Protein chains: 6
Amino acid sequence: MENEKRHESGLNVMEELFSPEVRTVMAEMKDISPDFYNMIVSFGFGELYAREAISLKHREYITLTTLITQGAFDQYRVHLQAALNIGLTKEEIIEIIIQCVGYVGFPKAVQAMGIAKEVFEKNQ
Amino acid sequence: MENEKRHESGLNVMEELFSPEVRTVMAEMKDISPDFYNMIVSFGFGELYAREAISLKHREYITLTTLITQGAFDQYRVHLQAALNIGLTKEEIIEIIIQCVGYVGFPKAVQAMGIAKEVFEKNQ
Amino acid sequence: MENEKRHESGLNVMEELFSPEVRTVMAEMKDISPDFYNMIVSFGFGELYAREAISLKHREYITLTTLITQGAFDQYRVHLQAALNIGLTKEEIIEIIIQCVGYVGFPKAVQAMGIAKEVFEKNQ
Amino acid sequence: MENEKRHESGLNVMEELFSPEVRTVMAEMKDISPDFYNMIVSFGFGELYAREAISLKHREYITLTTLITQGAFDQYRVHLQAALNIGLTKEEIIEIIIQCVGYVGFPKAVQAMGIAKEVFEKNQ
Amino acid sequence: MENEKRHESGLNVMEELFSPEVRTVMAEMKDISPDFYNMIVSFGFGELYAREAISLKHREYITLTTLITQGAFDQYRVHLQAALNIGLTKEEIIEIIIQCVGYVGFPKAVQAMGIAKEVFEKNQ
Amino acid sequence: MENEKRHESGLNVMEELFSPEVRTVMAEMKDISPDFYNMIVSFGFGELYAREAISLKHREYITLTTLITQGAFDQYRVHLQAALNIGLTKEEIIEIIIQCVGYVGFPKAVQAMGIAKEVFEKNQ
């Protein structure tokens, strides 16, 4: 029951953030490890993202920053779209990248900005 | 002139963020490299932090996240106090760390939370 | 109920790995964020470590390696003791560090070996 | 002579781990730097992997973990196949990735699991 | 005026380092954020690279090393060509990679050497 | 014999780089793992540093840069002194750190500059 609630609340957050296509790809993780997929949904989204202390928008500030910092650009691309979906403006996203310059240097910032350029063009 | 303006605007931001003691320590960088200190002030704070697209509070969301992600805990400690100085609540800071768990794992999150505990106790 | 079970199973694993002193320090996280402490116990130890697919000994192979690789030497020190507690031999631990040389380079391996030297001396 | 022995023992380990195709690609490093290729064979495999203190299987536990942690997914893909070649089960590999979630976060674990899915499908 | 000078001096360095094609791609950053492009030119190249304390060749020693260490292989590829453009020899570049083996391990060194092989072949 | 030569050539390089005190501390690694100490001497210094393609000074450019980039500040401190010992000027070292700002961001550069300040003061 409690676990069901975590799972359900995780799925709700994922619906807010990601398109049906993206969620379908994510669900393919079930083929190799249902437990792993369940951790993503129930812990990652159900226990972390679903907390109410800060807004989803603020969570995406954090998510985009950590992904740029660790150079995880595949996940960054997905969350860039998620950030747009829940209402971050392009200006805010550009500003997150610019603030990162001073903390992670140009190589990661340039790569982040290049991907933002591509994602923004698809969202025009 | 323009450079003076960047420098001045950097000093203003630093005044908002840091105590006089912290700024004195930072200024000691001038002893080894005045150019380096000038880059911190004029580029780091004057060109990045002073931009108006997002608030200082949002910049600290980004700063704390990138410092946790890269394990730069000395700078993190300084910016934790800066974040409190400009009005981030303890709840927000705790939540930034919790959101990071899913992205950087427990070791860095535990270290970040331990330092937060210490800094919060000094601010009671 | 289910959550209680995860929590309980996490506490059991922690008892196997860590001394009462270490667990007391860990529990102090409750002072700043009971939710965060609960995540460590219920997710970190209860959902991950408590899984039966591989042994605790093998989990410590993984834990020590990832901590050396990311340079998280405070947590590494704690898990080095945990590894000894559950039966990894000194030879195995030395060998984990040596295998890491080829993958992370000497600086992190040297630091890991120096800490191992200290921890081993306390365990004589 | 001694160097010949290191080299030979390195080649033996590589034969156990990698297919002839993979070894041919590796040997192309000789075109740009024979010294560098020799270091891989004689030091990497001949001095590190050939040590007898722990099994090749345990070495791959370490290798996969460090590669996931540092986000070196090209080499990870090669060693995933190597791990299967020397007898790690799919369950063990999945479990290595799951244990990593708590230490490196979801982005790298998700990427590692996605590659495992692809490699496992080729090995059916 | 002063800012114009920084900008101009940045463009001069970029002309020494990069082909017209590469500079055109870089300039496309203006489409998404003219401020960000200006930072690259005026701060990155104008304030850092244009300093006279060490030669451009020595700067590329540093740049290649940091890019290998952080695994930023897209930027590494661009700077490998830049290094050749300003007169680093293939032997020097190979030696930078070999020196890195001891500090970052084989995975990143192998990837760096593989890219060097490709870039050198284009420069024959 | 050949291995003896590698070992001897490694010890020679170490004598050029490090003070007797530092070498004594390094040799204490023999207490926990003679093999590991031998790898440092014979491979790290004997096979890598002893190569003649570039000068020791250029090797320290690379070493300092990679240590700053990976945040390995204990080893960085040791190599800062080594760099001074073999003739890098303070100006060159400051310039290495400044060049790094654009590639790794301010937090690591600030930490590197602070340590340089301390080491330079001891060398006056």
# chains A, B, ... in the order shown; residues from 1 in each chain; ligands from 1
>>> interface_residues(of="chain B", to="chain E", cutoff="12 Å", atoms="only C-alpha atoms", output="list in words")
Met1, Glu2, Asn3, Glu4, Lys5, Arg6, Asp35, Phe36, Asn38, Met39, Ile40, Ser42, Phe43, Gly44, Glu47, Leu48, Arg51, Ala53 and Gln70 of chain B
>>> residues_around(residues="range 72-79 of chain D", least_positions_apart="4", cutoff="7 Å", atoms="only C-alpha atoms", output="number ranges by chain")
D: 64, 67-68, 83, 115; E: 107
>>> atom_distance(atom1="CA of Gly46 in chain F", atom2="CA of Val110 in chain E")
20.5 Å
>>> closest_residue(among="E:His7, E:Ser55, E:Phe18, E:Lys30", to="Glu92 in chain F", atoms="only C-alpha atoms")
E:Ser55
>>> residues_around(residues="Tyr61 in chain F", least_positions_apart="6", cutoff="12 Å", atoms="only C-alpha atoms", output="ChimeraX atom specification")
/E:54,57-66,96,99-100 /F:54-55,67-68,76,79-80,82-84,86-89,92-97,99-100
>>> closest_residue(among="B:Phe106, B:Tyr37, B:Phe120, B:Tyr49", to="Arg23 in chain B", atoms="only C-alpha atoms")
B:Tyr37
>>> atom_distance(atom1="CA of Tyr103 in chain D", atom2="CA of Ala50 in chain D")
28.3 Å
>>> decode(residues="range 16-52 of chain E", atoms="C-alpha atoms", output="mmCIF file, in the first residue's frame")
data_model
loop_
_atom_site.group_PDB
_atom_site.id
_atom_site.type_symbol
_atom_site.label_atom_id
_atom_site.label_comp_id
_atom_site.auth_asym_id
_atom_site.auth_seq_id
_atom_site.Cartn_x
_atom_site.Cartn_y
_atom_site.Cartn_z
ATOM 1 C CA GLU E 16 45.596 31.870 -34.255
ATOM 2 C CA LEU E 17 44.103 28.729 -32.765
ATOM 3 C CA PHE E 18 41.112 27.785 -34.895
ATOM 4 C CA SER E 19 40.227 27.431 -38.578
ATOM 5 C CA PRO E 20 37.554 29.747 -40.043
ATOM 6 C CA GLU E 21 35.119 26.792 -40.046
ATOM 7 C CA VAL E 22 35.546 26.161 -36.331
ATOM 8 C CA ARG E 23 35.182 29.851 -35.550
ATOM 9 C CA THR E 24 31.963 29.990 -37.567
ATOM 10 C CA VAL E 25 30.499 27.143 -35.527
ATOM 11 C CA MET E 26 31.557 28.853 -32.314
ATOM 12 C CA ALA E 27 29.955 32.103 -33.429
ATOM 13 C CA GLU E 28 26.603 30.334 -33.788
ATOM 14 C CA MET E 29 26.402 30.568 -29.997
ATOM 15 C CA LYS E 30 25.352 34.170 -30.659
ATOM 16 C CA ASP E 31 21.985 32.881 -31.914
ATOM 17 C CA ILE E 32 21.043 31.553 -28.501
ATOM 18 C CA SER E 33 22.984 33.908 -26.234
ATOM 19 C CA PRO E 34 25.138 36.809 -27.463
ATOM 20 C CA ASP E 35 26.255 37.389 -23.861
ATOM 21 C CA PHE E 36 27.529 33.842 -23.558
ATOM 22 C CA TYR E 37 29.423 34.084 -26.845
ATOM 23 C CA ASN E 38 30.914 37.355 -25.680
ATOM 24 C CA MET E 39 32.125 35.698 -22.468
ATOM 25 C CA ILE E 40 33.894 32.997 -24.469
ATOM 26 C CA VAL E 41 35.625 35.577 -26.657
ATOM 27 C CA SER E 42 36.339 38.354 -24.151
ATOM 28 C CA PHE E 43 36.966 36.412 -20.972
ATOM 29 C CA GLY E 44 38.014 32.935 -22.172
ATOM 30 C CA PHE E 45 40.264 33.992 -25.008
ATOM 31 C CA GLY E 46 40.701 37.734 -24.416
ATOM 32 C CA GLU E 47 41.461 37.684 -20.707
ATOM 33 C CA LEU E 48 42.903 34.185 -20.194
ATOM 34 C CA TYR E 49 44.597 32.984 -23.410
ATOM 35 C CA ALA E 50 45.817 36.457 -24.383
ATOM 36 C CA ARG E 51 47.912 36.843 -21.226
ATOM 37 C CA GLU E 52 51.594 36.922 -21.997
#
